[in-house]
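Text of model20.cif, listed as mmCIF, C-alpha atoms:
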```
data_protein
loop_
_atom_site.group_PDB
_atom_site.id
_atom_site.type_symbol
_atom_site.label_atom_id
_atom_site.label_comp_id
_atom_site.auth_asym_id
_atom_site.auth_seq_id
_atom_site.Cartn_x
_atom_site.Cartn_y
_atom_site.Cartn_z
ATOM 1 C CA MET E 1246 -21.337 72.502 -83.255
ATOM 2 C CA SER E 1247 -23.603 69.492 -83.094
ATOM 3 C CA PRO E 1248 -27.015 69.819 -81.386
ATOM 4 C CA ARG E 1249 -25.858 67.360 -78.750
ATOM 5 C CA THR E 1250 -22.790 69.466 -77.877
ATOM 6 C CA LYS E 1251 -24.901 72.594 -77.879
ATOM 7 C CA ARG E 1252 -27.394 70.993 -75.501
ATOM 8 C CA ARG E 1253 -24.628 69.901 -73.159
ATOM 9 C CA LEU E 1254 -23.074 73.363 -73.154
ATOM 10 C CA LEU E 1255 -26.442 74.899 -72.348
ATOM 11 C CA GLU E 1256 -26.889 72.426 -69.515
ATOM 12 C CA LEU E 1257 -23.428 73.280 -68.168
ATOM 13 C CA LEU E 1258 -24.383 76.953 -68.327
ATOM 14 C CA LEU E 1259 -27.559 76.225 -66.379
ATOM 15 C CA TRP E 1260 -25.741 74.403 -63.591
ATOM 16 C CA THR E 1261 -23.068 77.103 -63.459
ATOM 17 C CA ALA E 1262 -25.848 79.639 -63.017
ATOM 18 C CA VAL E 1263 -27.290 77.530 -60.179
ATOM 19 C CA ALA E 1264 -23.855 77.416 -58.468
ATOM 20 C CA VAL E 1265 -23.278 81.160 -58.840
ATOM 21 C CA GLY E 1266 -26.843 81.898 -57.723
ATOM 22 C CA THR E 1267 -26.357 79.781 -54.620
ATOM 23 C CA ALA E 1268 -23.129 81.623 -53.798
ATOM 24 C CA LEU E 1269 -24.808 85.029 -54.292
ATOM 25 C CA ILE E 1270 -27.723 84.094 -52.038
ATOM 26 C CA LEU E 1271 -25.322 82.938 -49.303
ATOM 27 C CA ILE E 1272 -23.245 86.133 -49.641
ATOM 28 C CA SER E 1273 -26.356 88.294 -49.383
ATOM 29 C CA VAL E 1274 -27.481 86.620 -46.153
ATOM 30 C CA SER E 1275 -24.001 86.206 -44.619
ATOM 31 C CA ASP E 1276 -23.990 89.739 -43.186
ATOM 32 C CA LYS E 1277 -27.036 88.821 -41.134
ATOM 33 C CA VAL E 1278 -25.796 85.366 -40.168
ATOM 34 C CA LEU E 1279 -22.108 85.909 -39.405
ATOM 35 C CA PRO E 1280 -21.101 87.950 -36.331
ATOM 36 C CA THR E 1281 -19.700 91.388 -37.117
ATOM 37 C CA ASN E 1282 -16.063 90.601 -36.351
ATOM 38 C CA PHE E 1283 -15.935 87.008 -37.586
ATOM 39 C CA MET T 200 -41.321 52.459 -47.868
ATOM 40 C CA THR T 201 -40.992 48.853 -46.836
ATOM 41 C CA ILE T 202 -38.218 46.878 -48.518
ATOM 42 C CA THR T 203 -38.734 43.169 -48.673
ATOM 43 C CA PRO T 204 -35.636 41.095 -49.366
ATOM 44 C CA ALA T 205 -37.293 38.218 -51.166
ATOM 45 C CA PRO T 206 -37.409 39.445 -54.826
ATOM 46 C CA ILE T 207 -34.005 41.089 -54.664
ATOM 47 C CA ASN T 208 -30.528 39.599 -54.885
ATOM 48 C CA VAL T 209 -29.924 38.527 -51.353
ATOM 49 C CA LYS T 210 -27.763 35.781 -50.054
ATOM 50 C CA LYS T 211 -27.710 33.820 -46.918
ATOM 51 C CA SER T 212 -24.432 34.349 -45.193
ATOM 52 C CA ALA T 213 -23.155 33.267 -41.877
ATOM 53 C CA PRO T 214 -21.262 35.914 -39.898
ATOM 54 C CA THR T 215 -18.157 33.730 -40.123
ATOM 55 C CA GLN T 216 -18.102 33.900 -43.941
ATOM 56 C CA GLY T 217 -16.660 37.403 -43.850
ATOM 57 C CA GLY T 218 -17.461 39.972 -46.494
ATOM 58 C CA GLU T 219 -18.802 43.447 -45.947
ATOM 59 C CA THR T 220 -22.240 43.604 -44.431
ATOM 60 C CA PHE T 221 -24.266 46.507 -43.139
ATOM 61 C CA GLY T 222 -24.848 44.738 -39.868
ATOM 62 C CA PHE T 223 -28.584 45.238 -39.784
ATOM 63 C CA GLY T 224 -30.226 41.883 -40.058
ATOM 64 C CA LEU T 225 -33.388 41.532 -42.054
ATOM 65 C CA GLY T 226 -34.453 38.552 -40.025
ATOM 66 C CA GLY T 227 -34.043 34.879 -40.638
ATOM 67 C CA GLY T 228 -30.282 35.108 -40.917
ATOM 68 C CA TRP T 229 -30.446 37.148 -44.151
ATOM 69 C CA ARG T 230 -27.980 39.986 -44.445
ATOM 70 C CA TRP T 231 -27.578 42.551 -47.216
ATOM 71 C CA THR T 232 -24.188 43.195 -48.744
ATOM 72 C CA ARG T 233 -23.459 46.669 -50.148
ATOM 73 C CA PHE T 234 -23.704 45.248 -53.683
ATOM 74 C CA ASP T 235 -27.080 43.708 -52.878
ATOM 75 C CA LEU T 236 -28.354 47.028 -51.615
ATOM 76 C CA LEU T 237 -27.249 48.962 -54.740
ATOM 77 C CA LEU T 238 -28.728 46.329 -57.001
ATOM 78 C CA GLY T 239 -31.891 46.324 -54.926
ATOM 79 C CA MET T 240 -32.220 50.113 -55.113
ATOM 80 C CA LYS T 241 -31.762 49.962 -58.871
ATOM 81 C CA LYS T 242 -34.494 47.384 -59.181
ATOM 82 C CA ILE T 243 -36.802 49.383 -56.972
ATOM 83 C CA VAL T 244 -36.394 52.656 -58.880
ATOM 84 C CA ALA T 245 -36.621 50.791 -62.199
ATOM 85 C CA GLY T 246 -40.262 50.345 -61.388
ATOM 86 C CA TYR T 247 -40.724 54.116 -61.296
ATOM 87 C CA PRO T 248 -39.459 55.685 -64.563
ATOM 88 C CA TRP T 249 -40.011 59.224 -63.307
ATOM 89 C CA VAL T 250 -37.526 58.545 -60.502
ATOM 90 C CA MET T 251 -34.935 57.488 -63.085
ATOM 91 C CA ARG T 252 -35.500 60.782 -64.905
ATOM 92 C CA ILE T 253 -35.350 62.966 -61.806
ATOM 93 C CA LEU T 254 -32.367 61.353 -60.051
ATOM 94 C CA PRO T 255 -29.678 62.584 -62.519
ATOM 95 C CA ILE T 256 -31.150 66.088 -62.444
ATOM 96 C CA LEU T 257 -31.290 66.048 -58.655
ATOM 97 C CA GLY T 258 -27.691 64.843 -58.518
ATOM 98 C CA LYS T 259 -26.471 67.613 -60.818
ATOM 99 C CA PHE T 260 -28.484 70.181 -58.873
ATOM 100 C CA LEU T 261 -26.951 69.106 -55.568
ATOM 101 C CA ILE T 262 -23.438 69.170 -57.065
ATOM 102 C CA SER T 263 -24.097 72.701 -58.370
ATOM 103 C CA VAL T 264 -25.347 73.855 -54.962
ATOM 104 C CA GLY T 265 -22.217 72.316 -53.404
ATOM 105 C CA VAL T 266 -20.008 74.236 -55.815
ATOM 106 C CA GLY T 267 -21.987 77.370 -54.893
ATOM 107 C CA VAL T 268 -21.256 76.797 -51.195
ATOM 108 C CA LEU T 269 -17.543 76.404 -51.979
ATOM 109 C CA LEU T 270 -17.635 79.655 -53.977
ATOM 110 C CA PHE T 271 -19.258 81.377 -50.984
ATOM 111 C CA VAL T 272 -16.556 80.095 -48.606
ATOM 112 C CA ALA T 273 -13.811 81.243 -50.993
ATOM 113 C CA TRP T 274 -15.414 84.677 -51.304
ATOM 114 C CA THR T 275 -15.849 85.011 -47.540
ATOM 115 C CA LEU T 276 -12.266 84.067 -46.712
ATOM 116 C CA TRP T 277 -10.394 85.755 -49.558
ATOM 117 C CA GLY T 278 -12.749 87.744 -51.788
ATOM 118 C CA THR T 279 -13.881 90.103 -49.034
ATOM 119 C CA GLY T 280 -10.252 91.175 -48.525
ATOM 120 C CA ILE T 281 -10.132 92.732 -51.998
ATOM 121 C CA SER T 282 -12.517 95.580 -51.156
ATOM 122 C CA THR T 283 -10.967 95.948 -47.681
ATOM 123 C CA HIS T 284 -7.479 96.536 -49.108
ATOM 124 C CA ARG T 285 -8.906 98.981 -51.635
ATOM 125 C CA ASP T 286 -10.658 100.867 -48.806
ATOM 126 C CA GLN T 287 -7.490 100.780 -46.703
ATOM 127 C CA ASN T 288 -5.429 102.344 -49.504
ATOM 128 C CA ARG T 289 -7.987 105.127 -49.852
ATOM 129 C CA LEU T 290 -8.241 105.675 -46.085
ATOM 130 C CA SER T 291 -4.452 105.650 -45.676
ATOM 131 C CA ASP T 292 -4.005 108.329 -48.349
ATOM 132 C CA ALA T 293 -6.727 110.484 -46.751
ATOM 133 C CA PHE T 294 -5.240 109.999 -43.279
ATOM 134 C CA ASP T 295 -1.731 110.966 -44.386
ATOM 135 C CA ALA T 296 -3.045 114.023 -46.220
ATOM 136 C CA ALA T 297 -5.078 115.334 -43.260
ATOM 137 C CA PRO T 298 -3.433 118.071 -41.164
ATOM 138 C CA ALA T 299 -2.366 117.406 -37.569
ATOM 139 C CA PHE T 300 -4.468 118.844 -34.729
ATOM 140 C CA GLN T 301 -2.954 121.644 -32.725
ATOM 141 C CA ALA T 302 -2.617 120.761 -29.062
ATOM 142 C CA ALA T 303 -4.212 123.093 -26.520
ATOM 143 C CA ALA T 304 -1.851 125.392 -24.643
ATOM 144 C CA GLY T 305 0.257 123.416 -22.177
ATOM 145 C CA GLU T 306 -0.955 120.050 -23.453
ATOM 146 C CA ALA T 307 1.565 119.357 -26.183
ATOM 147 C CA ASP T 308 4.142 117.658 -23.948
ATOM 148 C CA LYS T 309 1.786 115.257 -22.232
ATOM 149 C CA PRO T 310 -0.486 112.576 -23.681
ATOM 150 C CA HIS T 311 -3.831 113.970 -24.741
ATOM 151 C CA GLY T 312 -6.776 113.228 -26.998
ATOM 152 C CA PRO T 313 -8.216 115.052 -30.006
ATOM 153 C CA PRO T 314 -10.027 118.415 -29.749
ATOM 154 C CA ALA T 315 -13.373 118.282 -27.934
ATOM 155 C CA ASP T 316 -15.300 118.917 -31.156
ATOM 156 C CA TYR T 317 -13.715 115.951 -32.965
ATOM 157 C CA ASP T 318 -16.690 114.126 -34.459
ATOM 158 C CA PRO T 319 -15.678 111.559 -37.099
ATOM 159 C CA LYS T 320 -18.415 110.040 -39.214
ATOM 160 C CA PRO T 321 -19.096 106.264 -39.477
ATOM 161 C CA GLY T 322 -16.403 104.548 -41.542
ATOM 162 C CA GLU T 323 -14.024 107.534 -41.423
ATOM 163 C CA GLY T 324 -10.351 106.743 -40.736
ATOM 164 C CA VAL T 325 -9.401 107.901 -37.218
ATOM 165 C CA PHE T 326 -5.926 106.531 -36.485
ATOM 166 C CA ARG T 327 -3.339 104.039 -37.740
ATOM 167 C CA LEU T 328 -2.600 100.854 -35.791
ATOM 168 C CA LYS T 329 0.660 98.951 -36.238
ATOM 169 C CA ILE T 330 1.605 95.757 -34.424
ATOM 170 C CA PRO T 331 5.246 94.900 -35.222
ATOM 171 C CA LYS T 332 5.100 91.444 -33.591
ATOM 172 C CA ILE T 333 2.518 90.158 -36.087
ATOM 173 C CA LYS T 334 3.513 92.470 -38.976
ATOM 174 C CA LEU T 335 -0.005 93.846 -39.237
ATOM 175 C CA ASN T 336 -0.824 94.318 -42.936
ATOM 176 C CA ASP T 337 2.785 93.488 -43.912
ATOM 177 C CA GLY T 338 4.069 96.089 -41.481
ATOM 178 C CA LYS T 339 2.100 98.984 -42.994
ATOM 179 C CA GLY T 340 -0.558 98.774 -40.301
ATOM 180 C CA TYR T 341 -4.283 99.327 -40.642
ATOM 181 C CA ILE T 342 -6.238 102.540 -40.603
ATOM 182 C CA VAL T 343 -8.818 102.125 -37.824
ATOM 183 C CA VAL T 344 -12.240 103.435 -38.821
ATOM 184 C CA GLU T 345 -14.930 104.969 -36.631
ATOM 185 C CA GLY T 346 -17.709 102.484 -35.809
ATOM 186 C CA VAL T 347 -17.979 98.723 -35.457
ATOM 187 C CA ASP T 348 -20.997 97.767 -37.525
ATOM 188 C CA THR T 349 -20.764 95.467 -40.542
ATOM 189 C CA ASP T 350 -20.034 98.204 -43.077
ATOM 190 C CA ASP T 351 -17.390 99.814 -40.859
ATOM 191 C CA LEU T 352 -15.510 96.589 -40.089
ATOM 192 C CA ALA T 353 -15.534 95.700 -43.792
ATOM 193 C CA LYS T 354 -13.110 98.623 -44.265
ATOM 194 C CA GLY T 355 -10.761 97.731 -41.419
ATOM 195 C CA PRO T 356 -10.599 97.495 -37.617
ATOM 196 C CA GLY T 357 -13.208 99.713 -35.963
ATOM 197 C CA HIS T 358 -13.077 102.115 -33.015
ATOM 198 C CA TYR T 359 -16.013 101.567 -30.650
ATOM 199 C CA PRO T 360 -17.997 104.809 -30.862
ATOM 200 C CA GLN T 361 -20.148 106.813 -28.523
ATOM 201 C CA CYS T 362 -23.868 106.561 -29.341
ATOM 202 C CA ARG T 363 -24.643 109.662 -31.382
ATOM 203 C CA ALA T 364 -26.037 110.565 -34.776
ATOM 204 C CA GLY T 365 -25.014 107.875 -37.243
ATOM 205 C CA PHE T 366 -24.324 105.281 -34.559
ATOM 206 C CA GLU T 367 -27.599 103.706 -33.612
ATOM 207 C CA ILE T 368 -28.131 101.492 -30.587
ATOM 208 C CA ALA T 369 -28.353 97.870 -31.757
ATOM 209 C CA ASP T 370 -28.618 94.501 -30.063
ATOM 210 C CA PRO T 371 -25.908 93.729 -29.103
ATOM 211 C CA PRO T 372 -24.987 97.409 -28.687
ATOM 212 C CA LEU T 373 -22.525 98.713 -31.262
ATOM 213 C CA CYS T 374 -21.886 101.998 -29.459
ATOM 214 C CA THR T 375 -21.461 103.126 -25.869
ATOM 215 C CA GLU T 376 -23.529 105.501 -23.771
ATOM 216 C CA HIS T 377 -20.301 106.693 -22.138
ATOM 217 C CA ASP T 378 -17.922 109.245 -23.597
ATOM 218 C CA GLU T 379 -15.714 107.446 -26.094
ATOM 219 C CA VAL T 380 -12.033 107.301 -25.284
ATOM 220 C CA TRP T 381 -9.318 108.129 -27.839
ATOM 221 C CA PRO T 382 -5.660 107.090 -27.832
ATOM 222 C CA GLY T 383 -3.747 109.231 -25.332
ATOM 223 C CA GLU T 384 -6.771 109.770 -23.095
ATOM 224 C CA ARG T 385 -7.433 108.108 -19.767
ATOM 225 C CA GLY T 386 -9.895 105.215 -20.043
ATOM 226 C CA ARG T 387 -10.283 102.318 -22.430
ATOM 227 C CA VAL T 388 -9.925 102.656 -26.193
ATOM 228 C CA ILE T 389 -11.840 99.768 -27.774
ATOM 229 C CA VAL T 390 -10.941 98.445 -31.230
ATOM 230 C CA SER T 391 -12.647 95.470 -32.915
ATOM 231 C CA GLY T 392 -11.459 93.711 -36.044
ATOM 232 C CA HIS T 393 -12.150 90.720 -38.254
ATOM 233 C CA ARG T 394 -10.236 87.511 -37.544
ATOM 234 C CA THR T 395 -10.677 85.596 -40.801
ATOM 235 C CA THR T 396 -12.590 87.746 -43.292
ATOM 236 C CA HIS T 397 -12.231 91.231 -44.841
ATOM 237 C CA GLY T 398 -8.441 91.015 -44.968
ATOM 238 C CA ALA T 399 -8.306 89.281 -41.557
ATOM 239 C CA PRO T 400 -6.488 92.129 -39.756
ATOM 240 C CA PHE T 401 -6.472 90.303 -36.406
ATOM 241 C CA TYR T 402 -5.734 86.816 -37.775
ATOM 242 C CA ASP T 403 -2.561 86.419 -35.650
ATOM 243 C CA LEU T 404 -3.718 88.347 -32.601
ATOM 244 C CA GLU T 405 -3.336 85.318 -30.314
ATOM 245 C CA GLN T 406 0.446 85.512 -30.840
ATOM 246 C CA LEU T 407 0.686 88.696 -28.770
ATOM 247 C CA VAL T 408 2.211 88.312 -25.327
ATOM 248 C CA GLU T 409 2.935 90.670 -22.458
ATOM 249 C CA GLY T 410 5.319 93.435 -23.474
ATOM 250 C CA ASN T 411 4.583 93.387 -27.232
ATOM 251 C CA GLU T 412 4.079 96.866 -28.654
ATOM 252 C CA LEU T 413 1.071 98.402 -30.366
ATOM 253 C CA ILE T 414 2.008 101.587 -32.240
ATOM 254 C CA ILE T 415 -0.770 104.103 -32.729
ATOM 255 C CA GLU T 416 -0.357 107.083 -35.017
ATOM 256 C CA THR T 417 -2.972 109.796 -34.684
ATOM 257 C CA LYS T 418 -3.362 113.400 -35.763
ATOM 258 C CA TRP T 419 -2.816 114.551 -32.172
ATOM 259 C CA GLY T 420 0.181 112.395 -31.214
ATOM 260 C CA ASN T 421 1.893 109.066 -31.606
ATOM 261 C CA PHE T 422 1.523 106.491 -28.862
ATOM 262 C CA VAL T 423 3.137 103.188 -27.989
ATOM 263 C CA TYR T 424 1.066 100.802 -25.921
ATOM 264 C CA GLU T 425 2.428 97.602 -24.389
ATOM 265 C CA VAL T 426 0.396 94.418 -24.077
ATOM 266 C CA THR T 427 -0.415 93.606 -20.454
ATOM 267 C CA GLN T 428 -2.585 90.525 -20.882
ATOM 268 C CA THR T 429 -4.724 88.520 -23.284
ATOM 269 C CA LYS T 430 -7.995 86.901 -22.401
ATOM 270 C CA VAL T 431 -10.614 84.675 -24.051
ATOM 271 C CA VAL T 432 -14.193 85.497 -23.059
ATOM 272 C CA ALA T 433 -17.747 84.584 -24.017
ATOM 273 C CA PRO T 434 -19.315 86.592 -26.857
ATOM 274 C CA ASP T 435 -21.797 88.189 -24.461
ATOM 275 C CA ALA T 436 -19.091 89.616 -22.162
ATOM 276 C CA ILE T 437 -19.962 93.116 -23.327
ATOM 277 C CA GLY T 438 -18.731 94.643 -20.056
ATOM 278 C CA ILE T 439 -15.272 94.729 -21.634
ATOM 279 C CA ALA T 440 -16.509 97.265 -24.162
ATOM 280 C CA ASN T 441 -16.748 99.905 -21.469
ATOM 281 C CA PRO T 442 -14.545 102.982 -21.926
ATOM 282 C CA THR T 443 -14.844 103.846 -18.239
ATOM 283 C CA ALA T 444 -13.681 100.409 -16.988
ATOM 284 C CA THR T 445 -10.268 101.826 -16.080
ATOM 285 C CA ASN T 446 -8.663 105.163 -15.278
ATOM 286 C CA LYS T 447 -5.395 104.130 -16.938
ATOM 287 C CA ARG T 448 -4.541 104.877 -20.538
ATOM 288 C CA GLU T 449 -5.547 101.535 -21.968
ATOM 289 C CA ILE T 450 -6.483 100.018 -25.316
ATOM 290 C CA VAL T 451 -8.244 96.700 -25.912
ATOM 291 C CA LEU T 452 -8.342 94.832 -29.201
ATOM 292 C CA THR T 453 -11.203 92.385 -29.663
ATOM 293 C CA THR T 454 -11.803 89.739 -32.297
ATOM 294 C CA CYS T 455 -13.513 86.369 -32.777
ATOM 295 C CA ASN T 456 -11.907 83.253 -31.339
ATOM 296 C CA PRO T 457 -10.869 80.646 -32.319
ATOM 297 C CA ARG T 458 -10.167 81.319 -35.973
ATOM 298 C CA PHE T 459 -13.117 80.491 -38.259
ATOM 299 C CA SER T 460 -15.454 80.458 -35.279
ATOM 300 C CA ALA T 461 -17.446 83.022 -33.338
ATOM 301 C CA ALA T 462 -17.823 80.894 -30.211
ATOM 302 C CA GLN T 463 -15.593 83.188 -28.127
ATOM 303 C CA ARG T 464 -13.896 86.555 -28.199
ATOM 304 C CA LEU T 465 -10.145 87.102 -27.912
ATOM 305 C CA ILE T 466 -9.280 90.261 -25.986
ATOM 306 C CA VAL T 467 -5.835 91.898 -25.878
ATOM 307 C CA PHE T 468 -5.243 94.524 -23.189
ATOM 308 C CA ALA T 469 -2.426 97.071 -23.533
ATOM 309 C CA GLN T 470 -1.407 100.174 -21.602
ATOM 310 C CA MET T 471 0.270 103.313 -22.842
ATOM 311 C CA ALA T 472 4.043 103.286 -22.429
ATOM 312 C CA ARG T 473 5.309 106.189 -24.546
ATOM 313 C CA TYR T 474 4.018 109.309 -26.243
ATOM 314 C CA THR T 475 5.523 111.410 -29.014
ATOM 315 C CA PRO T 476 3.943 114.758 -30.021
ATOM 316 C CA VAL T 477 3.189 115.284 -33.722
#
```

Rendering of file as structure tokens:
Amino acid sequence: MSPRTKRRLLELLLWTAVAVGTALILISVSDKVLPTNF
Amino acid sequence: MTITPAPINVKKSAPTQGGETFGFGLGGGWRWTRFDLLLGMKKIVAGYPWVMRILPILGKFLISVGVGVLLFVAWTLWGTGISTHRDQNRLSDAFDAAPAFQAAAGEADKPHGPPADYDPKPGEGVFRLKIPKIKLNDGKGYIVVEGVDTDDLAKGPGHYPQCRAGFEIADPPLCTEHDEVWPGERGRVIVSGHRTTHGAPFYDLEQLVEGNELIIETKWGNFVYEVTQTKVVAPDAIGIANPTATNKREIVLTTCNPRFSAAQRLIVFAQMARYTPV
């Protein structure tokens, strides 16, 4: 695997982590934000 | 930031020449086309190399956050149903395995509630609700749990409890100061359920009309209630959640309305029509 490909894969991993982190944060606060029988 | 048109690619165009313009004049008859604006922005940021470095990162970050929001929506609408169905399977097995209550002497032939010392814990399955008209849970029905807080409703529809140990008074109140009413008893049985999340048990509740049946299986008798009316109310109409609001044998189902919104509450009223001893 070339260094360039490796760097791009690592970058993709980083942005995937950002997306999953965002989703987890929203899930953790949704119980407080959404009404109980939404 | 003030943008001056002079050093950038701008053209003098009369309104009659056509072409796409933004419609905000920069004075002197000069108008920017969309192409001019993009080119102008590029020239402006070219003067600030750090902006050129940050913009791609910012763009990727915002796309990632957007994907995260989509993941959250998908989880809320469909993912939450996975644990609900798992809980329902467990609750259904426990409910079917539990022994029936013995009716007090002389009570077996007429509708009645559970024994006076019946004290289910939060989240415990208390009765099964079936609604043939909307094929609730593919016809299998839902086990209604005791309590209506977030954890309880994540397992299935919840029976509005009396305030006692385990059911704390919240704002808005999630329990009643009055004696709670059970199926078969006189008064109002109150059941709340999710409309669009956690398996969406009450997704089709607005399809119910007068005369539709609600079948309730309990450990002290089986009851058929018939819908008498449906109503849409404001979320703060908490007077409906009052077990003593009627002396008839009544049940109300409540959920959010319209779908994917919590702006209102949909209420279905039903009255007991038939009773079968267990």

Practice problem: I would like the residues chosen by the PyMOL selection byres ((chain E) within 10 of (chain T)) on the shown file; could you give them as a ChimeraX atom specification? | Solution: /E:1256-1257,1259-1272,1275-1277,1279-1283

Exercise. Between T:Asn411, T:Ser282, T:Thr443, T:Gln301, single out the one closest to Gln361 of chain T, counting only C-alpha atoms.
Key: T:Thr443

Quiz prompt | Computed interatomic separation between atom CA of Tyr317 of chain T and atom CA of Pro360 of chain T (Å) | solution =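 Interatomic distance, atom CA of Tyr317 of chain T to atom CA of Pro360 of chain T: 12.1 Å.
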
Applied to this file, what does the PyMOL selection byres ((chain T and resi 448) around 9) return in terms of residues, put as an mmCIF file with C-alpha atoms, in the frame of the given file?
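Full text of selection-v5.cif as output:
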```
data_model
loop_
_atom_site.group_PDB
_atom_site.id
_atom_site.type_symbol
_atom_site.label_atom_id
_atom_site.label_comp_id
_atom_site.auth_asym_id
_atom_site.auth_seq_id
_atom_site.Cartn_x
_atom_site.Cartn_y
_atom_site.Cartn_z
ATOM 1 C CA PRO T 382 -5.660 107.090 -27.832
ATOM 2 C CA GLY T 383 -3.747 109.231 -25.332
ATOM 3 C CA GLU T 384 -6.771 109.770 -23.095
ATOM 4 C CA ARG T 385 -7.433 108.108 -19.767
ATOM 5 C CA GLY T 386 -9.895 105.215 -20.043
ATOM 6 C CA ARG T 387 -10.283 102.318 -22.430
ATOM 7 C CA VAL T 388 -9.925 102.656 -26.193
ATOM 8 C CA TYR T 424 1.066 100.802 -25.921
ATOM 9 C CA THR T 445 -10.268 101.826 -16.080
ATOM 10 C CA ASN T 446 -8.663 105.163 -15.278
ATOM 11 C CA LYS T 447 -5.395 104.130 -16.938
ATOM 12 C CA GLU T 449 -5.547 101.535 -21.968
ATOM 13 C CA ILE T 450 -6.483 100.018 -25.316
ATOM 14 C CA ALA T 469 -2.426 97.071 -23.533
ATOM 15 C CA GLN T 470 -1.407 100.174 -21.602
ATOM 16 C CA MET T 471 0.270 103.313 -22.842
ATOM 17 C CA ALA T 472 4.043 103.286 -22.429
#
```

Practice problem: Find, counting all atoms listed in the file, the residue in T:Asp318, T:Asp370, T:Asp403, T:Glu323 that gets nearest to Asn336 of chain T. | Solution: T:Asp403

Practice problem: Please provide the set of residues having any atom within 7 Å of Leu452 of chain T, restricted to only C-alpha atoms, with same-chain residues fewer than 4 positions apart removed, written as a list in words. | Solution: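 What passes the distance filter is Ile389, Val390, Ser391, Ile466, Val467 and Phe468 of chain T.
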
Could you turn the residues from that selection into a file that holds C-alpha atoms, as a PDB file, in the frame of the given file?
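Full text of part26.pdb as output:
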```
ATOM      1  CA  ILE T 389     -11.840  99.768 -27.774  1.00  0.00           C
ATOM      2  CA  VAL T 390     -10.941  98.445 -31.230  1.00  0.00           C
ATOM      3  CA  SER T 391     -12.647  95.470 -32.915  1.00  0.00           C
ATOM      4  CA  ILE T 466      -9.280  90.261 -25.986  1.00  0.00           C
ATOM      5  CA  VAL T 467      -5.835  91.898 -25.878  1.00  0.00           C
ATOM      6  CA  PHE T 468      -5.243  94.524 -23.189  1.00  0.00           C
TER       7      PHE T 468
END
```

Quiz item: Which distance in Å separates atom CA of Pro331 of chain T and atom CA of Asn421 of chain T, to one decimal?
Solution: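 Value for the atom CA of Pro331 of chain T-atom CA of Asn421 of chain T distance: 15.0 Å.
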
Non-local contacts of Asp308 of chain T (12 Å; only C-alpha atoms; under 6 positions in same chain excluded) as a PDB file with C-alpha atoms, in the coordinates of the input:
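Heads up, here's the output in around_29.pdb:
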```pdb
ATOM      1  CA  GLN T 301      -2.954 121.644 -32.725  1.00  0.00           C
ATOM      2  CA  ALA T 302      -2.617 120.761 -29.062  1.00  0.00           C
ATOM      3  CA  GLY T 383      -3.747 109.231 -25.332  1.00  0.00           C
ATOM      4  CA  TRP T 419      -2.816 114.551 -32.172  1.00  0.00           C
ATOM      5  CA  GLY T 420       0.181 112.395 -31.214  1.00  0.00           C
ATOM      6  CA  ASN T 421       1.893 109.066 -31.606  1.00  0.00           C
ATOM      7  CA  ARG T 473       5.309 106.189 -24.546  1.00  0.00           C
ATOM      8  CA  TYR T 474       4.018 109.309 -26.243  1.00  0.00           C
ATOM      9  CA  THR T 475       5.523 111.410 -29.014  1.00  0.00           C
ATOM     10  CA  PRO T 476       3.943 114.758 -30.021  1.00  0.00           C
ATOM     11  CA  VAL T 477       3.189 115.284 -33.722  1.00  0.00           C
TER      12      VAL T 477
END
```

Take every atom of segment 1254-1273 of chain E listed in the file, fit an axis-aligned box around them, add 4 Å per side, and give the centre and edge lengths in Å to one decimal as lines of an AutoDock Vina configuration file.
```
center_x = -25.4
center_y = 80.4
center_z = -61.2
size_x = 12.7
size_y = 23.9
size_z = 31.9
```

Quiz item: Mind pulling up the distance from atom CA of Gly278 of chain T to atom CA of Leu335 of chain T?
Solution: 18.9 Å

Quiz item: What residues come out when you apply the PyMOL selection byres ((chain T and resi 293) around 12) to this file, written as a PyMOL selection string?
Solution: chain T and resi 286-292+294-298+323-327+342+344+418
